[in-house]
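Colleague: The structure is given below, and queries will be raised subsequently.
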Amino acid sequence: MKSFITTLRIKTFLVLLTGVAVLWSCKSENKPQIVDFNKAVTGEVRAILTDAPFVPARIEAKHNTKVIVELEVIEQTMRLADGVDYTFWTFGGKVPGKFIRVRQGDLVEFHLHNHPDNMLPHNIDLHAVTGPGGGAEASLIAPGKSAQFSFRALNQGLYVYHCATAPVGMHIANGMYGLILVEPLEGFPPVDHEFYVMQSEFYTTGKFGEKGHQDFDMQKALDERPDYVVINGAVGASAGENAMTVKVGETVRLFLGNGGPNLVSSFHVIGEIFDKVYVEGGTLINHDVQTTLIPAGGSAIAEFRCEVPGTLHLVDHSIFRAFNKGALAQIKVVGDENHNVFTGKEKEEVYLPEGSSIQSISSGKQSSAAEILPEKSLEERLAAGKILYNQNCMACHMDHGKGIAGTFPTLVNSDYLQALPDKGIGVILNGLQGEILVNGEKFNNIMPAVSLSDDQVASILTYIHTNFDNGGGLVNSAEVREWRNKK
Ligand code: HEC
Ligand SMILES: [Cu+2]
């Protein structure tokens, strides 16, 4: 009896082992081609294409089919940022280009149209294509022409497509990229929302924010020094009024792409953790990810559930790109608070350990307070004051003295500052604490004393009074010296 059971166990074990081996061989390096491309597809559908941040619904047929894609290249001038225009070259009239959705095994009949008003020839290289140039040679056309080619979507994945007409870099830099999703025939698991989010850079003759029409700057592109790094084609394209919206408790799948042409994106969502990431847009799934890398000409798929309300910021965590070059989008999550997940600020209070008083910050390049320098002209004080402000004050009072509501008072047209008989010398040298009223807004916080020389205080105050709309006026170091001596 015992030996019978043992034999049975061994047999079961062997059967299991064979099963594992079969599975293993499917997963191994030489993954067999699971699409039988000699088998004809049945029926046909016309692909519905969408502009970012929207994603087309999946094709519902149970079997592989012929998917007809019609994509039109349009060269046109559009908004890059407020007051900034750019002549974009587009797949479908927007940047990024239209989102295309097919299934693994589908036959894609692709029609590329080059609008007759365009100036240049264009084509398309889809990374989802198995074939020369991803279709580039097969689709190269002059303005006023159409080209057709077909391909079988052999591999599952989220793929970038782009123009590959010489100079390739320039066609991509001007906006010619988008995403094509090849999903498994049975589809991805259902989620509440799917969004299309694609990063890219623009190289403009003018600096970031410089008004008017901007042209492409080849030298900046060669140097890989973009003025704009944007999500969905323009600064704020999917933020503010155009933010994506979802409800608390809903699940989100982001189809992420990076058109480049040069930079790699460290994609992060401030306030969320990706439950799942399809690494590089392929079939490998990673879990519990904070930041996922999206190569130029590559992709990723990220999924998460929104547990609490608030605004999520989608950024390239190469963070100057997000806050200074435009690489920021938003998802607004609306619904009820869940304090079991996140409480919000429970309280804020002054932190002054016993025996301590207002701290002082000493400036790095401090010249001795006693040192008497010759007085400077207004221009010299403004130039020096700007640099000193940025080093010593901007961290709290923000760029151009804007302040932060409720925490750091504004220095712009400040009635509090203008009413100070010492022009603000005391605030800088002594610090400030206790309740104050600035332009009608109450603050009760602590400003540490900033240790600076007479000359430096004079320059900062001259700058703040003149450039931040406080009535102007030169402050001399003699006044600061006098203030110190009186004390
Ligand atoms: C660590 C943060 C911090 C730094 C650095 C800082 N401040 Fe302040 N500042 C504050 C806070 C907080 C207040 C409000 C204090 C209160 O509530 O009583 C304030 C108040 C002021 C005020 C009066 C209110 C107003 O808006 O007119 C002036 C003027 C001022 N700061 C100037 C400066 C200047 C100039 C510098 C740089 C030399 C500087 N501050 C650096 C935090 C800071
Ligand atoms: Cu092109």
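Residue names in the structure tokens use chain letters A, B, ... in the order shown, residue numbers from 1 in each chain, and ligand numbers from 1 in the order shown.
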Using backbone DSSP assignments, extract all strand (DSSP E) residues from segment 333-484 of chain A; output them as a PyMOL selection string.

Modeller: chain A and resi 333-334+360-362+432-438+441-447+449-451

Colleague: Emit the selected residues as a CSV table (one decimal), in the first residue's frame, including N, CA and C atoms.

Modeller:
```csv
chain,number,residue,atom,x,y,z
A,333,VAL,N,-8.5,63.8,-8.5
A,333,VAL,CA,-9.3,62.7,-7.9
A,333,VAL,C,-10.3,63.4,-7.0
A,334,VAL,N,-11.6,63.1,-7.3
A,334,VAL,CA,-12.7,63.8,-6.5
A,334,VAL,C,-13.4,62.7,-5.7
A,360,SER,N,19.4,82.0,13.4
A,360,SER,CA,19.8,82.9,12.3
A,360,SER,C,20.5,82.0,11.2
A,361,ILE,N,20.3,82.5,10.0
A,361,ILE,CA,20.9,81.9,8.8
A,361,ILE,C,22.1,82.7,8.5
A,362,SER,N,23.3,82.1,8.3
A,362,SER,CA,24.4,82.9,7.9
A,362,SER,C,24.6,82.6,6.4
A,432,LEU,N,11.8,87.6,12.4
A,432,LEU,CA,10.4,88.1,12.7
A,432,LEU,C,9.6,86.9,13.1
A,433,GLN,N,8.8,87.2,14.2
A,433,GLN,CA,7.9,86.1,14.6
A,433,GLN,C,6.7,86.8,15.2
A,434,GLY,N,5.6,86.0,15.3
A,434,GLY,CA,4.3,86.5,15.9
A,434,GLY,C,3.4,86.9,14.7
A,435,GLU,N,2.2,87.2,15.1
A,435,GLU,CA,1.2,87.5,14.1
A,435,GLU,C,1.4,88.8,13.3
A,436,ILE,N,1.4,88.8,12.0
A,436,ILE,CA,1.5,90.0,11.2
A,436,ILE,C,0.4,89.9,10.2
A,437,LEU,N,0.1,91.1,9.6
A,437,LEU,CA,-1.0,91.2,8.6
A,437,LEU,C,-0.3,91.8,7.4
A,438,VAL,N,-0.3,91.1,6.2
A,438,VAL,CA,0.4,91.5,5.0
A,438,VAL,C,-0.7,91.6,3.9
A,441,GLU,N,-3.7,89.6,4.6
A,441,GLU,CA,-3.6,88.2,5.0
A,441,GLU,C,-2.8,88.1,6.2
A,442,LYS,N,-3.4,87.2,7.2
A,442,LYS,CA,-2.7,87.0,8.4
A,442,LYS,C,-1.6,85.9,8.3
A,443,PHE,N,-0.4,86.2,9.0
A,443,PHE,CA,0.6,85.2,9.0
A,443,PHE,C,1.0,85.1,10.5
A,444,ASN,N,1.3,83.8,10.9
A,444,ASN,CA,1.9,83.7,12.3
A,444,ASN,C,2.9,82.6,12.2
A,445,ASN,N,4.1,83.0,11.8
A,445,ASN,CA,5.1,82.0,11.5
A,445,ASN,C,6.5,82.6,12.0
A,446,ILE,N,7.5,82.0,11.6
A,446,ILE,CA,8.8,82.5,12.1
A,446,ILE,C,9.8,82.7,10.9
A,447,MET,N,10.3,83.9,10.8
A,447,MET,CA,11.4,84.2,9.8
A,447,MET,C,12.7,84.2,10.6
A,449,ALA,N,16.5,85.2,11.6
A,449,ALA,CA,17.4,86.3,11.2
A,449,ALA,C,18.4,85.8,10.2
A,450,VAL,N,18.6,86.7,9.2
A,450,VAL,CA,19.6,86.3,8.1
A,450,VAL,C,20.8,87.2,8.3
A,451,SER,N,21.9,86.5,8.5
A,451,SER,CA,23.2,87.2,8.8
A,451,SER,C,23.9,87.7,7.6
```

Colleague: Residues within 6 Å of ligand 2, counting only C-alpha atoms and all ligand atoms: report them as a PyMOL selection string.

Modeller: chain A and resi 122-123+163+165+171

Colleague: At a cut-off of 10 Å, using only C-alpha atoms, what residues contact Thr245 of chain A? Leave out same-chain residues fewer than 5 positions from it and give the result as an MDAnalysis selection string.

Modeller: chainID A and resid 193 311:312 330:334

Colleague: Would you kindly return, as a PyMOL selection string, each protein, DNA or RNA residue with an atom no farther than 8 Å from any atom of segment 288-302 of chain A, considering only C-alpha atoms and excluding same-chain residues fewer than 4 positions away?

Modeller: chain A and resi 158-161+253-269+272-282+317

Colleague: Keeping only N, CA and C atoms, write the selected residues as a short mmCIF file (atom, residue, chain, number, x, y, z; two decimals), in the first residue's frame.

Modeller:
```cif
data_model
loop_
_atom_site.label_atom_id
_atom_site.label_comp_id
_atom_site.auth_asym_id
_atom_site.auth_seq_id
_atom_site.Cartn_x
_atom_site.Cartn_y
_atom_site.Cartn_z
N LEU A 158 3.17 48.12 -25.90
CA LEU A 158 2.82 49.51 -26.18
C LEU A 158 4.00 50.10 -26.94
N TYR A 159 3.75 50.55 -28.16
CA TYR A 159 4.84 50.95 -29.05
C TYR A 159 4.75 52.41 -29.46
N VAL A 160 5.93 53.02 -29.62
CA VAL A 160 6.01 54.37 -30.15
C VAL A 160 5.98 54.29 -31.67
N TYR A 161 5.34 55.27 -32.31
CA TYR A 161 5.54 55.44 -33.75
C TYR A 161 6.06 56.85 -33.96
N ARG A 253 -5.26 53.26 -15.58
CA ARG A 253 -4.14 52.69 -16.35
C ARG A 253 -3.60 53.80 -17.23
N LEU A 254 -2.30 54.09 -17.09
CA LEU A 254 -1.68 55.12 -17.92
C LEU A 254 -0.85 54.46 -19.01
N PHE A 255 -1.15 54.82 -20.25
CA PHE A 255 -0.30 54.40 -21.37
C PHE A 255 0.71 55.51 -21.58
N LEU A 256 1.95 55.24 -21.20
CA LEU A 256 2.98 56.27 -21.16
C LEU A 256 3.95 56.12 -22.31
N GLY A 257 4.26 57.25 -22.96
CA GLY A 257 5.24 57.20 -24.04
C GLY A 257 6.22 58.33 -23.89
N ASN A 258 7.35 58.20 -24.55
CA ASN A 258 8.34 59.27 -24.60
C ASN A 258 8.79 59.43 -26.05
N GLY A 259 8.41 60.56 -26.65
CA GLY A 259 8.78 60.81 -28.04
C GLY A 259 10.20 61.32 -28.18
N GLY A 260 10.80 61.74 -27.03
CA GLY A 260 12.13 62.32 -27.09
C GLY A 260 12.04 63.69 -27.74
N PRO A 261 12.91 64.04 -28.70
CA PRO A 261 13.83 63.15 -29.38
C PRO A 261 15.07 62.74 -28.57
N ASN A 262 15.41 63.43 -27.49
CA ASN A 262 16.68 63.13 -26.83
C ASN A 262 16.58 62.58 -25.41
N LEU A 263 15.69 63.13 -24.59
CA LEU A 263 15.75 62.86 -23.15
C LEU A 263 15.02 61.58 -22.74
N VAL A 264 15.55 60.99 -21.67
CA VAL A 264 14.90 59.85 -21.02
C VAL A 264 14.03 60.42 -19.90
N SER A 265 12.85 59.86 -19.69
CA SER A 265 11.94 60.39 -18.68
C SER A 265 11.94 59.52 -17.42
N SER A 266 12.07 60.18 -16.26
CA SER A 266 11.95 59.48 -14.97
C SER A 266 10.53 59.72 -14.50
N PHE A 267 9.61 58.94 -15.03
CA PHE A 267 8.20 59.25 -14.84
C PHE A 267 7.71 58.89 -13.44
N HIS A 268 7.04 59.87 -12.82
CA HIS A 268 6.60 59.72 -11.44
C HIS A 268 5.26 60.41 -11.28
N VAL A 269 4.43 59.86 -10.40
CA VAL A 269 3.18 60.54 -10.06
C VAL A 269 3.26 60.95 -8.60
N GLU A 272 1.10 59.09 -5.56
CA GLU A 272 0.63 57.73 -5.84
C GLU A 272 1.82 56.78 -5.93
N ILE A 273 1.51 55.52 -5.85
CA ILE A 273 2.50 54.47 -6.08
C ILE A 273 1.91 53.57 -7.15
N PHE A 274 2.71 53.20 -8.14
CA PHE A 274 2.18 52.31 -9.18
C PHE A 274 2.05 50.91 -8.60
N ASP A 275 0.82 50.38 -8.57
CA ASP A 275 0.62 49.01 -8.11
C ASP A 275 1.28 48.06 -9.09
N LYS A 276 1.22 48.43 -10.37
CA LYS A 276 1.73 47.56 -11.45
C LYS A 276 2.39 48.43 -12.51
N VAL A 277 3.53 47.99 -13.01
CA VAL A 277 4.11 48.65 -14.19
C VAL A 277 4.46 47.57 -15.20
N TYR A 278 3.95 47.71 -16.42
CA TYR A 278 4.40 46.85 -17.52
C TYR A 278 5.69 47.50 -17.99
N VAL A 279 6.81 46.95 -17.53
CA VAL A 279 8.11 47.54 -17.75
C VAL A 279 8.37 47.73 -19.25
N GLU A 280 8.77 48.94 -19.63
CA GLU A 280 9.08 49.29 -21.01
C GLU A 280 7.93 48.96 -21.98
N GLY A 281 6.72 48.87 -21.45
CA GLY A 281 5.55 48.63 -22.30
C GLY A 281 5.40 47.19 -22.76
N GLY A 282 6.26 46.30 -22.24
CA GLY A 282 6.22 44.89 -22.65
C GLY A 282 5.37 44.04 -21.73
N HIS A 317 10.63 63.23 -13.07
CA HIS A 317 11.27 63.55 -11.80
C HIS A 317 12.69 64.10 -11.96
#
```

Colleague: Per residue of chain A within 9 Å of ligand 1, note the shortest atom pair and the distance in Å to one decimal, counting only C-alpha atoms and all ligand atoms, and order the rows by chain and increasing residue number, as CSV.

Modeller:
```
residue,atom,partner,partner_atom_place_in_ligand_line,distance
A:Ile361,CA,ligand 1,5 (C),7.6
A:Leu388,CA,ligand 1,38 (C),7.5
A:Tyr389,CA,ligand 1,37 (C),5.8
A:Asn390,CA,ligand 1,37 (C),8.3
A:Gln391,CA,ligand 1,37 (C),8.0
A:Asn392,CA,ligand 1,37 (C),4.7
A:Cys393,CA,ligand 1,37 (C),3.5
A:Met394,CA,ligand 1,5 (C),6.9
A:Ala395,CA,ligand 1,5 (C),6.0
A:Cys396,CA,ligand 1,2 (C),4.4
A:His397,CA,ligand 1,7 (N),6.1
A:Gly401,CA,ligand 1,26 (O),8.4
A:Gly403,CA,ligand 1,26 (O),7.9
A:Thr407,CA,ligand 1,12 (C),6.0
A:Phe408,CA,ligand 1,12 (C),4.8
A:Pro409,CA,ligand 1,26 (O),4.2
A:Thr410,CA,ligand 1,26 (O),4.5
A:Leu411,CA,ligand 1,26 (O),4.4
A:Val412,CA,ligand 1,26 (O),7.5
A:Asn413,CA,ligand 1,27 (O),8.3
A:Ser414,CA,ligand 1,27 (O),5.0
A:Asp415,CA,ligand 1,27 (O),6.9
A:Tyr416,CA,ligand 1,27 (O),4.9
A:Leu417,CA,ligand 1,27 (O),4.1
A:Gln418,CA,ligand 1,27 (O),7.5
A:Leu420,CA,ligand 1,29 (C),8.7
A:Lys423,CA,ligand 1,29 (C),8.1
A:Gly424,CA,ligand 1,29 (C),5.4
A:Ile425,CA,ligand 1,35 (C),8.4
A:Gly426,CA,ligand 1,29 (C),9.0
A:Val427,CA,ligand 1,28 (C),6.0
A:Ile428,CA,ligand 1,38 (C),5.5
A:Leu429,CA,ligand 1,38 (C),8.4
A:Gly431,CA,ligand 1,8 (Fe),7.5
A:Leu432,CA,ligand 1,18 (O),4.9
A:Gln433,CA,ligand 1,18 (O),3.7
A:Gly434,CA,ligand 1,18 (O),4.4
A:Glu435,CA,ligand 1,18 (O),5.2
A:Ile436,CA,ligand 1,18 (O),5.3
A:Leu437,CA,ligand 1,24 (C),7.9
A:Val438,CA,ligand 1,26 (O),5.8
A:Asn439,CA,ligand 1,26 (O),8.4
A:Lys442,CA,ligand 1,17 (O),7.7
A:Phe443,CA,ligand 1,17 (O),4.3
A:Asn444,CA,ligand 1,17 (O),3.8
A:Asn445,CA,ligand 1,17 (O),3.6
A:Ile446,CA,ligand 1,12 (C),4.5
A:Met447,CA,ligand 1,10 (C),3.8
A:Pro448,CA,ligand 1,1 (C),5.9
A:Ala449,CA,ligand 1,41 (C),7.8
A:Val450,CA,ligand 1,38 (C),5.8
A:Ser451,CA,ligand 1,38 (C),8.3
A:Leu452,CA,ligand 1,38 (C),7.9
A:Gln456,CA,ligand 1,38 (C),8.9
A:Val457,CA,ligand 1,38 (C),7.2
A:Ile460,CA,ligand 1,35 (C),6.2
A:Leu461,CA,ligand 1,35 (C),6.3
A:Ile464,CA,ligand 1,35 (C),7.1
```

Colleague: Using only C-alpha atoms, which residue out of A:Ala81, A:Ala237, A:Val252, A:Val315 lies closest to His213 of chain A?

Modeller: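 So, comparing all the options, the nearest one is A:Ala81.
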
Colleague: So that I can check the secondary structure, give me every residue of segment 162-355 of chain A assigned helix (DSSP H, G or I) by backbone DSSP, as JSON, numbers by chain.

Modeller: {"A": [168, 169, 170, 171, 172, 173, 218, 219, 220, 221, 222, 240, 241, 242, 279, 280, 281, 320, 321, 322, 323, 324]}

Colleague: Just how far from atom CA of Asn242 of chain A is atom CA of His313 of chain A, in Å to one decimal?

Modeller: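 Here the two named atoms are 12.9 Å from each other.
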
Colleague: Find the residues around Gly249 of chain A up to 7 Å (only C-alpha atoms counted), leave out those fewer than 3 positions away in its own chain, and share them as a ChimeraX atom specification.

Modeller: /A:305-307

Colleague: Pull C-alpha atoms from the residues just selected and write them as a CSV table (one decimal), in the first residue's frame.

Modeller:
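This went into part01.csv:
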```csv
chain,number,residue,atom,x,y,z
A,305,ARG,CA,-6.0,52.8,-7.6
A,306,CYS,CA,-6.9,56.3,-6.3
A,307,GLU,CA,-7.7,55.9,-2.6
```

Colleague: Name the residues in contact with Ala136 of chain A at a cut-off of 9 Å, using only C-alpha atoms, excluding same-chain residues fewer than 2 positions from it; report them as an MDAnalysis selection string.

Modeller: chainID A and resid 122:126 132:134 138:140 163:165

Colleague: Selected residues, C-alpha atoms, written as a PDB file, in the first residue's frame, please.

Modeller:
```pdb
ATOM      1  CA  HIS A 122       6.755  62.471 -44.346  1.00  0.00           C
ATOM      2  CA  ASN A 123       6.443  58.797 -43.453  1.00  0.00           C
ATOM      3  CA  ILE A 124       5.845  56.584 -40.421  1.00  0.00           C
ATOM      4  CA  ASP A 125       7.998  54.080 -38.532  1.00  0.00           C
ATOM      5  CA  LEU A 126       5.838  52.087 -36.109  1.00  0.00           C
ATOM      6  CA  PRO A 132      11.992  47.082 -42.762  1.00  0.00           C
ATOM      7  CA  GLY A 133      12.045  50.523 -41.177  1.00  0.00           C
ATOM      8  CA  GLY A 134       8.845  49.788 -39.290  1.00  0.00           C
ATOM      9  CA  ALA A 138       6.696  51.782 -47.507  1.00  0.00           C
ATOM     10  CA  SER A 139       4.965  54.952 -46.353  1.00  0.00           C
ATOM     11  CA  LEU A 140       7.202  57.799 -47.599  1.00  0.00           C
ATOM     12  CA  CYS A 163       8.212  60.030 -38.621  1.00  0.00           C
ATOM     13  CA  ALA A 164      11.500  58.781 -40.045  1.00  0.00           C
ATOM     14  CA  THR A 165      12.018  61.206 -42.916  1.00  0.00           C
TER      15      THR A 165
END
```

Colleague: Show me, as a VMD selection string, the residues that have an atom within 9 Å of segment 65-79 of chain A when counting only C-alpha atoms, minus same-chain residues fewer than 3 positions from it.

Modeller: chain A and resid 40 to 49 61 82 to 94 98 100 102 to 103 105 to 120 122 to 123 143 146 176 213 234 to 235

Colleague: Only C-alpha atoms, please: the residues just picked out, written as an mmCIF file, in the first residue's frame.

Modeller:
```
data_model
loop_
_atom_site.group_PDB
_atom_site.id
_atom_site.type_symbol
_atom_site.label_atom_id
_atom_site.label_comp_id
_atom_site.auth_asym_id
_atom_site.auth_seq_id
_atom_site.Cartn_x
_atom_site.Cartn_y
_atom_site.Cartn_z
ATOM 1 C CA ALA A 40 -6.174 34.602 -42.373
ATOM 2 C CA VAL A 41 -8.072 37.056 -40.179
ATOM 3 C CA THR A 42 -11.826 37.418 -40.469
ATOM 4 C CA GLY A 43 -13.861 40.575 -40.999
ATOM 5 C CA GLU A 44 -12.608 44.161 -40.799
ATOM 6 C CA VAL A 45 -13.016 47.251 -38.636
ATOM 7 C CA ARG A 46 -12.060 50.876 -39.041
ATOM 8 C CA ALA A 47 -9.842 51.949 -36.127
ATOM 9 C CA ILE A 48 -11.169 54.755 -33.981
ATOM 10 C CA LEU A 49 -8.244 57.030 -33.115
ATOM 11 C CA ALA A 61 -14.420 40.963 -31.767
ATOM 12 C CA ASP A 82 0.739 80.738 -23.086
ATOM 13 C CA GLY A 83 1.673 83.379 -25.647
ATOM 14 C CA VAL A 84 4.075 80.991 -27.396
ATOM 15 C CA ASP A 85 3.305 79.435 -30.798
ATOM 16 C CA TYR A 86 5.163 76.785 -32.702
ATOM 17 C CA THR A 87 4.687 75.230 -36.141
ATOM 18 C CA PHE A 88 4.152 71.576 -35.296
ATOM 19 C CA TRP A 89 4.286 68.660 -37.712
ATOM 20 C CA THR A 90 1.622 66.241 -36.522
ATOM 21 C CA PHE A 91 0.104 62.814 -36.996
ATOM 22 C CA GLY A 92 -3.570 63.757 -36.977
ATOM 23 C CA GLY A 93 -3.452 67.454 -36.047
ATOM 24 C CA LYS A 94 -2.270 67.224 -32.426
ATOM 25 C CA LYS A 98 -3.424 59.865 -32.534
ATOM 26 C CA ILE A 100 -3.939 53.590 -32.236
ATOM 27 C CA VAL A 102 -5.145 46.938 -32.125
ATOM 28 C CA ARG A 103 -4.813 43.381 -30.791
ATOM 29 C CA GLY A 105 -2.581 38.881 -34.260
ATOM 30 C CA ASP A 106 -4.638 41.577 -35.988
ATOM 31 C CA LEU A 107 -3.767 42.568 -39.549
ATOM 32 C CA VAL A 108 -3.297 46.326 -39.760
ATOM 33 C CA GLU A 109 -3.985 47.999 -43.085
ATOM 34 C CA PHE A 110 -2.282 51.354 -42.711
ATOM 35 C CA HIS A 111 -3.122 54.425 -44.804
ATOM 36 C CA LEU A 112 -0.885 57.468 -44.372
ATOM 37 C CA HIS A 113 -2.092 60.710 -45.958
ATOM 38 C CA ASN A 114 0.170 63.757 -46.418
ATOM 39 C CA HIS A 115 -2.120 66.811 -46.493
ATOM 40 C CA PRO A 116 -1.752 68.888 -49.719
ATOM 41 C CA ASP A 117 -1.141 72.107 -47.714
ATOM 42 C CA ASN A 118 1.973 70.597 -46.128
ATOM 43 C CA MET A 119 5.468 71.671 -47.202
ATOM 44 C CA LEU A 120 7.387 68.427 -46.729
ATOM 45 C CA HIS A 122 6.755 62.471 -44.346
ATOM 46 C CA ASN A 123 6.443 58.797 -43.453
ATOM 47 C CA PRO A 143 2.356 66.437 -49.782
ATOM 48 C CA SER A 146 -1.335 58.769 -49.693
ATOM 49 C CA MET A 176 5.866 63.630 -35.145
ATOM 50 C CA HIS A 213 6.189 82.376 -32.635
ATOM 51 C CA ALA A 234 2.296 71.776 -24.762
ATOM 52 C CA VAL A 235 2.807 73.372 -21.358
#
```

Colleague: Using only C-alpha atoms, find the one residue out of A:Glu194, A:Glu183, A:Asp469, A:Glu137 that sits nearest to Pro56 of chain A.

Modeller: A:Glu194

Colleague: One decimal, Å: what's the distance from atom CA of Asn467 of chain A over to atom CA of Asp227 of chain A, could you say?

Modeller: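 Answer for the atom CA of Asn467 of chain A to atom CA of Asp227 of chain A separation: 25.7 Å.
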
Colleague: For Thr50 of chain A, which of A:Ile180, A:Leu154, A:Val191, A:Val230 is the closest residue, counting only C-alpha atoms?

Modeller: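 So, comparing all the options, the nearest one is A:Ile180.
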
Colleague: Measuring atom to atom with only C-alpha atoms, identify which of A:Val55, A:Leu179, A:Val350, A:Ala173 is nearest to Leu222 of chain A.

Modeller: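 Ranking A:Val55, A:Leu179, A:Val350, A:Ala173 by distance to Leu222 of chain A, first place goes to A:Ala173.
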